[in-house]
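Printed here is upload29.cif (mmCIF, C-alpha atoms and all ligand atoms):
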```cif
data_query
#
loop_
_atom_site.label_atom_id
_atom_site.label_comp_id
_atom_site.auth_asym_id
_atom_site.auth_seq_id
_atom_site.Cartn_x
_atom_site.Cartn_y
_atom_site.Cartn_z
CA MET M 248 -112.71 70.63 -31.69
CA LYS M 249 -114.42 67.35 -30.79
CA ILE M 250 -113.06 64.99 -28.15
CA VAL M 251 -114.55 61.66 -27.18
CA LEU M 252 -114.90 61.02 -23.48
CA ALA M 253 -113.96 57.36 -23.15
CA SER M 254 -116.16 56.27 -20.26
CA GLY M 255 -119.49 54.50 -19.98
CA ASN M 256 -119.93 55.41 -16.29
CA ALA M 257 -122.88 57.78 -15.87
CA GLY M 258 -121.55 59.11 -12.55
CA LYS M 259 -118.18 60.06 -14.05
CA LEU M 260 -119.86 61.59 -17.11
CA ARG M 261 -122.04 63.83 -14.90
CA GLU M 262 -118.96 65.06 -13.04
CA PHE M 263 -116.99 65.66 -16.24
CA ARG M 264 -119.91 67.52 -17.75
CA ALA M 265 -119.93 69.96 -14.81
CA LEU M 266 -116.12 70.27 -14.77
CA PHE M 267 -115.98 70.94 -18.51
CA ASP M 268 -118.85 73.39 -18.39
CA THR M 269 -116.78 75.40 -15.95
CA HIS M 270 -113.45 75.16 -17.76
CA PHE M 271 -114.04 74.62 -21.47
CA ALA M 272 -117.06 76.79 -22.12
CA GLN M 273 -115.05 79.46 -23.96
CA GLN M 274 -112.62 77.17 -25.76
CA HIS M 275 -114.78 75.64 -28.49
CA ILE M 276 -114.06 72.17 -27.19
CA GLU M 277 -116.92 69.72 -27.47
CA MET M 278 -116.76 66.61 -25.28
CA LEU M 279 -118.84 63.71 -26.56
CA PRO M 280 -119.47 60.66 -24.34
CA GLN M 281 -118.35 57.50 -26.13
CA THR M 282 -121.82 55.95 -25.81
CA GLU M 283 -123.18 58.70 -28.10
CA LEU M 284 -120.67 57.63 -30.75
CA GLY M 285 -121.36 53.91 -30.60
CA VAL M 286 -118.19 53.03 -28.66
CA THR M 287 -118.70 49.95 -26.50
CA GLU M 288 -116.67 49.12 -23.37
CA ALA M 289 -113.05 48.12 -23.87
CA GLU M 290 -111.70 45.14 -21.97
CA GLU M 291 -109.60 46.49 -19.10
CA THR M 292 -106.73 44.02 -19.19
CA GLY M 293 -104.04 46.33 -17.76
CA LEU M 294 -102.41 45.92 -14.35
CA SER M 295 -102.38 49.62 -13.50
CA PHE M 296 -104.73 52.59 -13.75
CA VAL M 297 -102.56 54.16 -16.42
CA GLU M 298 -102.53 51.02 -18.59
CA ASN M 299 -106.30 50.70 -18.38
CA ALA M 300 -106.82 54.38 -19.16
CA ILE M 301 -104.60 54.02 -22.25
CA ILE M 302 -106.56 50.94 -23.35
CA LYS M 303 -109.85 52.85 -23.03
CA ALA M 304 -108.59 56.00 -24.78
CA ARG M 305 -106.97 54.04 -27.61
CA HIS M 306 -110.13 52.02 -28.18
CA ALA M 307 -112.30 55.15 -28.32
CA CYS M 308 -109.87 56.83 -30.76
CA ALA M 309 -109.80 53.74 -32.96
CA VAL M 310 -113.59 53.51 -33.18
CA THR M 311 -114.31 57.22 -33.67
CA GLY M 312 -111.22 58.67 -35.35
CA LEU M 313 -111.36 61.46 -32.74
CA PRO M 314 -108.96 62.37 -29.93
CA ALA M 315 -110.03 60.75 -26.65
CA LEU M 316 -109.88 61.38 -22.94
CA ALA M 317 -110.22 58.34 -20.65
CA ASP M 318 -110.54 58.04 -16.87
CA ASP M 319 -109.47 54.97 -14.96
CA SER M 320 -110.12 55.30 -11.27
CA GLY M 321 -110.72 53.33 -8.13
CA LEU M 322 -110.48 53.03 -4.38
CA GLU M 323 -107.35 51.87 -2.51
CA VAL M 324 -107.94 50.61 1.03
CA ASP M 325 -104.81 50.29 3.17
CA ALA M 326 -106.18 47.49 5.40
CA LEU M 327 -106.84 45.47 2.21
CA ALA M 328 -103.33 46.01 0.80
CA GLY M 329 -104.67 48.48 -1.77
CA ALA M 330 -107.70 46.46 -2.89
CA PRO M 331 -110.06 46.88 -4.66
CA GLY M 332 -107.74 49.25 -6.62
CA ILE M 333 -107.86 48.76 -10.37
CA TYR M 334 -110.56 46.13 -9.81
CA SER M 335 -112.91 48.57 -8.04
CA ALA M 336 -115.66 48.37 -10.67
CA ARG M 337 -115.66 44.54 -10.62
CA TYR M 338 -114.86 43.99 -6.91
CA ALA M 339 -118.08 42.09 -6.08
CA GLN M 340 -118.84 39.15 -8.31
CA PRO M 341 -122.09 37.17 -8.48
CA GLN M 342 -120.31 34.06 -7.13
CA ASP M 343 -119.38 35.96 -3.90
CA GLY M 344 -123.07 36.19 -3.07
CA PHE M 345 -123.07 40.01 -3.31
CA GLY M 346 -124.19 40.34 -6.92
CA SER M 347 -122.45 43.03 -8.97
CA GLY M 348 -122.61 46.79 -9.37
CA ASP M 349 -122.16 49.72 -6.97
CA ALA M 350 -124.40 48.44 -4.12
CA ALA M 351 -122.79 45.00 -4.24
CA ASN M 352 -119.27 46.50 -4.29
CA ASN M 353 -120.12 48.58 -1.21
CA ALA M 354 -121.60 45.57 0.61
CA LYS M 355 -118.52 43.47 -0.13
CA LEU M 356 -116.22 46.26 1.07
CA LEU M 357 -118.10 46.62 4.38
CA ALA M 358 -117.95 42.86 4.90
CA ALA M 359 -114.20 42.79 4.18
CA LEU M 360 -113.62 45.53 6.80
CA GLN M 361 -116.03 44.34 9.47
CA ASP M 362 -113.34 43.73 12.11
CA ILE M 363 -111.25 46.77 11.22
CA THR M 364 -111.26 49.80 13.56
CA ASP M 365 -111.80 53.39 12.36
CA GLU M 366 -108.07 54.20 12.71
CA GLN M 367 -107.21 51.36 10.35
CA ARG M 368 -109.76 52.22 7.67
CA SER M 369 -107.64 54.75 5.75
CA ALA M 370 -108.22 54.80 2.00
CA ARG M 371 -107.91 56.98 -1.07
CA PHE M 372 -109.52 57.40 -4.44
CA GLN M 373 -107.16 57.42 -7.40
CA CYS M 374 -107.89 58.90 -10.81
CA VAL M 375 -105.72 58.67 -13.91
CA LEU M 376 -106.73 60.65 -16.98
CA VAL M 377 -105.18 59.82 -20.33
CA TYR M 378 -105.49 62.00 -23.41
CA MET M 379 -104.59 60.53 -26.80
CA ARG M 380 -104.67 62.46 -30.06
CA HIS M 381 -105.18 59.28 -32.12
CA ALA M 382 -105.12 55.52 -31.67
CA ASN M 383 -101.39 55.25 -32.46
CA ASP M 384 -100.38 58.29 -30.40
CA PRO M 385 -96.89 57.39 -29.08
CA THR M 386 -97.06 60.03 -26.34
CA PRO M 387 -100.31 59.67 -24.42
CA GLN M 388 -100.65 62.51 -21.91
CA VAL M 389 -101.17 61.25 -18.38
CA PHE M 390 -102.61 63.21 -15.45
CA GLN M 391 -103.27 61.94 -11.94
CA GLY M 392 -105.12 62.91 -8.79
CA SER M 393 -105.83 61.26 -5.46
CA TRP M 394 -108.18 61.99 -2.55
CA GLU M 395 -107.51 60.82 1.01
CA GLY M 396 -110.22 59.57 3.33
CA ARG M 397 -111.40 56.55 5.24
CA ILE M 398 -114.06 53.90 4.92
CA LEU M 399 -117.19 54.38 7.03
CA GLN M 400 -118.87 51.58 9.00
CA ALA M 401 -122.19 52.15 7.17
CA PRO M 402 -123.26 54.06 4.05
CA GLU M 403 -124.14 57.78 4.32
CA GLY M 404 -125.53 60.32 1.87
CA THR M 405 -127.47 60.04 -1.36
CA ASP M 406 -125.39 61.89 -3.97
CA GLY M 407 -122.44 60.79 -6.08
CA PHE M 408 -121.95 57.22 -7.28
CA GLY M 409 -119.87 54.11 -6.70
CA TYR M 410 -118.14 54.06 -3.32
CA ASP M 411 -119.12 57.63 -2.38
CA PRO M 412 -121.53 56.54 0.42
CA LEU M 413 -118.66 54.74 2.21
CA PHE M 414 -115.91 57.33 1.66
CA TYR M 415 -115.50 59.69 4.63
CA VAL M 416 -113.77 62.94 3.72
CA PRO M 417 -111.90 64.40 6.74
CA GLU M 418 -111.67 67.88 5.20
CA THR M 419 -115.49 68.13 5.07
CA GLY M 420 -116.44 65.86 7.98
CA CYS M 421 -118.92 63.81 5.95
CA ALA M 422 -119.21 61.09 3.32
CA SER M 423 -118.48 62.12 -0.25
CA ALA M 424 -122.08 61.07 -1.06
CA SER M 425 -123.19 63.88 1.30
CA LEU M 426 -121.31 66.56 -0.65
CA SER M 427 -122.97 68.72 -3.27
CA LYS M 428 -121.72 67.95 -6.76
CA GLU M 429 -120.03 71.36 -6.83
CA ARG M 430 -118.11 70.61 -3.61
CA LYS M 431 -117.07 67.12 -4.74
CA ASN M 432 -115.88 68.66 -8.01
CA GLN M 433 -113.60 71.01 -6.05
CA LEU M 434 -112.00 68.30 -3.92
CA SER M 435 -112.08 64.93 -5.65
CA HIS M 436 -109.37 62.80 -7.23
CA ARG M 437 -111.03 63.47 -10.61
CA ALA M 438 -111.08 67.23 -10.02
CA LYS M 439 -107.37 67.17 -9.09
CA ALA M 440 -106.43 65.13 -12.15
CA LEU M 441 -108.40 67.53 -14.33
CA GLN M 442 -106.62 70.52 -12.77
CA GLN M 443 -103.33 68.90 -13.79
CA LEU M 444 -104.68 68.39 -17.30
CA LEU M 445 -105.76 72.01 -17.56
CA GLN M 446 -102.26 73.16 -16.58
CA HIS M 447 -100.25 70.90 -18.87
CA TRP M 448 -102.49 69.64 -21.64
CA ARG M 449 -101.47 69.89 -25.30
CA PRO M 450 -104.71 69.17 -27.23
O1 LIG M 501 -114.35 52.22 -17.35
P1 LIG M 501 -115.46 53.24 -17.47
O2 LIG M 501 -116.30 53.07 -18.67
O3 LIG M 501 -114.97 54.65 -17.31
O4 LIG M 501 -116.47 53.01 -16.22
P2 LIG M 501 -116.17 52.16 -14.91
O5 LIG M 501 -117.27 52.39 -13.95
O6 LIG M 501 -115.86 50.73 -15.29
O7 LIG M 501 -114.87 52.88 -14.35
P3 LIG M 501 -113.47 52.25 -13.89
O8 LIG M 501 -113.13 51.07 -14.68
O9 LIG M 501 -112.51 53.40 -13.88
O10 LIG M 501 -113.74 51.81 -12.40
C1 LIG M 501 -113.87 52.80 -11.40
C2 LIG M 501 -114.44 52.21 -10.13
O11 LIG M 501 -114.12 53.07 -9.04
C3 LIG M 501 -115.29 53.69 -8.54
N1 LIG M 501 -115.06 55.15 -8.48
C4 LIG M 501 -114.25 55.90 -9.28
N2 LIG M 501 -114.39 57.20 -9.01
C5 LIG M 501 -115.30 57.29 -8.03
C6 LIG M 501 -115.88 58.36 -7.34
O12 LIG M 501 -115.60 59.62 -7.67
N3 LIG M 501 -116.78 58.09 -6.39
C7 LIG M 501 -117.12 56.83 -6.09
N4 LIG M 501 -116.64 55.75 -6.71
C8 LIG M 501 -115.73 55.97 -7.67
C9 LIG M 501 -116.40 53.43 -9.54
O13 LIG M 501 -117.65 53.30 -8.92
C10 LIG M 501 -115.96 52.12 -10.17
O14 LIG M 501 -116.40 51.04 -9.36
MG MG M 502 -114.21 50.29 -16.33
#
```
Represent the structure contained in this file as structure tokens.
Amino acid sequence: MKIVLASGNAGKLREFRALFDTHFAQQHIEMLPQTELGVTEAEETGLSFVENAIIKARHACAVTGLPALADDSGLEVDALAGAPGIYSARYAQPQDGFGSGDAANNAKLLAALQDITDEQRSARFQCVLVYMRHANDPTPQVFQGSWEGRILQAPEGTDGFGYDPLFYVPETGCASASLSKERKNQLSHRAKALQQLLQHWRP
């Protein structure tokens, strides 16, 4: 069985690859990144993680004719009323003076929190996974995971992607960018959402 993985994010794809190698090796399930099938990015016009994940999965199904699994994720910072949230990937914009991309997003986040004490820097990663059997699937399957932490005062660590250098994980005492990929894949929002999927999924 072939499933298209509806994400263009190289960091997510690396994590999924490792998670699937562990779980799907025996099941004859082949996960193909959408970029290998000529699927371009869908416009994320939803107002929630679940809406955006459905948009991405539906788009990948429509283009490929295959079932699709999409991930919409992001970082919620309490001191910023939940921002950047669903806008995490496009938090920094060239007109802010930060540029765009992961480094710019991290720089903008540090600037937004510059007067905020450690106790007030609580945050969490959210991940919503949506599985759709076809583009008109009326019952998308939705799985969710979150990961509690807080935002550091300066980046740490060299692994991971996105906001990992700024995300302090209390249960490990370090930034998520300082975790091995195996350890992050045991603890993360994405790992938890995937555990839910593995328990309840109807392919
Ligand atoms: O939509 P796709 O193609 O999957 O790729 P994307 O990077 O645009 O993905 P999202 O729209 O879901 O945005 C997710 C944002 O949250 C960040 N993010 C999500 N999971 C993360 C993780 O495990 N570690 C660090 N940052 C993460 C990521 O860097 C993005 O800025
Ligand atoms: Mg995106």
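Restricting the calculation to all atoms listed in the file, the smallest distance between Ala354 (chain M) and any of M:Gly329, M:Gly293, M:Gly420, M:Pro412 is found for M:Pro412.
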| message | Distance limit 6 Å, reference ligand LIG 501 (chain M), atoms considered: all atoms listed in the file. Which residues make the cut? Give them as an NGL selection string. | response | :M and (254-256 or 318-322 or 335-336 or 408-411)
Which residues are close to region 368-379 of chain M, i.e. within 6 Å by only C-alpha atoms, leaving aside same-chain residues fewer than 4 positions away? Reply as a short mmCIF file (atom, residue, chain, number, x, y, z; two decimals) with C-alpha atoms, keeping the file's coordinate frame.
```
data_model
loop_
_atom_site.label_atom_id
_atom_site.label_comp_id
_atom_site.auth_asym_id
_atom_site.auth_seq_id
_atom_site.Cartn_x
_atom_site.Cartn_y
_atom_site.Cartn_z
CA ALA M 300 -106.82 54.38 -19.16
CA PRO M 314 -108.96 62.37 -29.93
CA ALA M 315 -110.03 60.75 -26.65
CA LEU M 316 -109.88 61.38 -22.94
CA ALA M 317 -110.22 58.34 -20.65
CA ASP M 318 -110.54 58.04 -16.87
CA ASP M 319 -109.47 54.97 -14.96
CA SER M 320 -110.12 55.30 -11.27
CA GLY M 321 -110.72 53.33 -8.13
CA LEU M 322 -110.48 53.03 -4.38
CA GLU M 323 -107.35 51.87 -2.51
CA VAL M 324 -107.94 50.61 1.03
CA ASP M 325 -104.81 50.29 3.17
CA ASP M 384 -100.38 58.29 -30.40
CA PRO M 387 -100.31 59.67 -24.42
CA GLN M 388 -100.65 62.51 -21.91
CA VAL M 389 -101.17 61.25 -18.38
CA PHE M 390 -102.61 63.21 -15.45
CA GLN M 391 -103.27 61.94 -11.94
CA GLY M 392 -105.12 62.91 -8.79
CA SER M 393 -105.83 61.26 -5.46
CA TRP M 394 -108.18 61.99 -2.55
CA GLU M 395 -107.51 60.82 1.01
CA GLY M 396 -110.22 59.57 3.33
CA ARG M 397 -111.40 56.55 5.24
CA ILE M 398 -114.06 53.90 4.92
CA HIS M 436 -109.37 62.80 -7.23
CA ARG M 437 -111.03 63.47 -10.61
#
```
| Nearest to ligand MG 502 (chain M) by atom-to-atom distance, counting only C-alpha atoms and all ligand atoms, from M:Gln400, M:Gln342, M:Thr287, M:Gln274 | M:Thr287
| task | Step by step: start from the point (-113.8, 50.3, 9.0) in the file's coordinates, keep every protein, DNA or RNA residue that has an atom no farther than 9 Å from it, count only C-alpha atoms, and write the set as a VMD selection string. | result | chain M and resid 326 357 359 to 369 397 to 401
Let me see the file: selected residues, C-alpha atoms, as a PDB file, in the coordinates of the input.
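Below is the file out_3.pdb, written as the result:
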```pdb
ATOM      1  CA  ALA M 326    -106.180  47.490   5.400  1.00  0.00           C
ATOM      2  CA  LEU M 357    -118.100  46.620   4.380  1.00  0.00           C
ATOM      3  CA  ALA M 359    -114.200  42.790   4.180  1.00  0.00           C
ATOM      4  CA  LEU M 360    -113.620  45.530   6.800  1.00  0.00           C
ATOM      5  CA  GLN M 361    -116.030  44.340   9.470  1.00  0.00           C
ATOM      6  CA  ASP M 362    -113.340  43.730  12.110  1.00  0.00           C
ATOM      7  CA  ILE M 363    -111.250  46.770  11.220  1.00  0.00           C
ATOM      8  CA  THR M 364    -111.260  49.800  13.560  1.00  0.00           C
ATOM      9  CA  ASP M 365    -111.800  53.390  12.360  1.00  0.00           C
ATOM     10  CA  GLU M 366    -108.070  54.200  12.710  1.00  0.00           C
ATOM     11  CA  GLN M 367    -107.210  51.360  10.350  1.00  0.00           C
ATOM     12  CA  ARG M 368    -109.760  52.220   7.670  1.00  0.00           C
ATOM     13  CA  SER M 369    -107.640  54.750   5.750  1.00  0.00           C
ATOM     14  CA  ARG M 397    -111.400  56.550   5.240  1.00  0.00           C
ATOM     15  CA  ILE M 398    -114.060  53.900   4.920  1.00  0.00           C
ATOM     16  CA  LEU M 399    -117.190  54.380   7.030  1.00  0.00           C
ATOM     17  CA  GLN M 400    -118.870  51.580   9.000  1.00  0.00           C
ATOM     18  CA  ALA M 401    -122.190  52.150   7.170  1.00  0.00           C
TER      19      ALA M 401
END
```
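Counting only C-alpha atoms and all ligand atoms and comparing M:Ile333, M:Cys308, M:Gln281, M:Glu262, the residue that lies closest to ligand MG 502 (chain M) is M:Ile333.
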| field | Nearest residue to ligand MG 502 (chain M) from the set M:Arg430, M:Arg305, M:Arg337, M:Lys355 (distances using all atoms listed in the file) | value | M:Arg337
| task | Calculate how many Å separate CA of Pro385 (chain M) from CA of Lys303 (chain M), rounding to one decimal. | result |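 Taking CA of Pro385 (chain M) and CA of Lys303 (chain M), their separation equals 15.0 Å.
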Give me, as a PDB file with C-alpha atoms, keeping the file's coordinate frame, all polymer residues having an atom no more than 12 Å from Glu290 (chain M), counting all atoms listed in the file and skipping those fewer than 5 positions away in the same chain.
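Below is the file around.pdb, written as the result:
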```pdb
ATOM      1  CA  GLU M 298    -102.530  51.020 -18.590  1.00  0.00           C
ATOM      2  CA  ASN M 299    -106.300  50.700 -18.380  1.00  0.00           C
ATOM      3  CA  ALA M 300    -106.820  54.380 -19.160  1.00  0.00           C
ATOM      4  CA  ILE M 301    -104.600  54.020 -22.250  1.00  0.00           C
ATOM      5  CA  ILE M 302    -106.560  50.940 -23.350  1.00  0.00           C
ATOM      6  CA  LYS M 303    -109.850  52.850 -23.030  1.00  0.00           C
ATOM      7  CA  ALA M 304    -108.590  56.000 -24.780  1.00  0.00           C
ATOM      8  CA  ARG M 305    -106.970  54.040 -27.610  1.00  0.00           C
ATOM      9  CA  HIS M 306    -110.130  52.020 -28.180  1.00  0.00           C
ATOM     10  CA  ALA M 307    -112.300  55.150 -28.320  1.00  0.00           C
TER      11      ALA M 307
END
```
| Of the listed residues M:Ala289, M:Leu313, M:Leu279, M:Val251, that which approaches ligand MG 502 (chain M) most closely, counting only C-alpha atoms and all ligand atoms | M:Ala289
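Note that the spacing between CA of Leu356 (chain M) and CA of Glu403 (chain M) amounts to 14.4 Å.
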| field | Atom pair CA of Met248 (chain M) / CA of His275 (chain M): separation (Å) | value | 6.3 Å
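Nearest to ligand MG 502 (chain M) of all the residues M:Thr292, M:Asn352, M:Asn383, M:Thr419 is M:Thr292, counting all atoms listed in the file.
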Return as AutoDock Vina command-line options the box centre and box size in Å, one decimal, for an axis-aligned box around all listed atoms of region 439-443 of chain M padded by 5 Å per side.
```
--center_x -105.9 --center_y 67.8 --center_z -11.7 --size_x 15.1 --size_y 15.4 --size_z 15.2
```
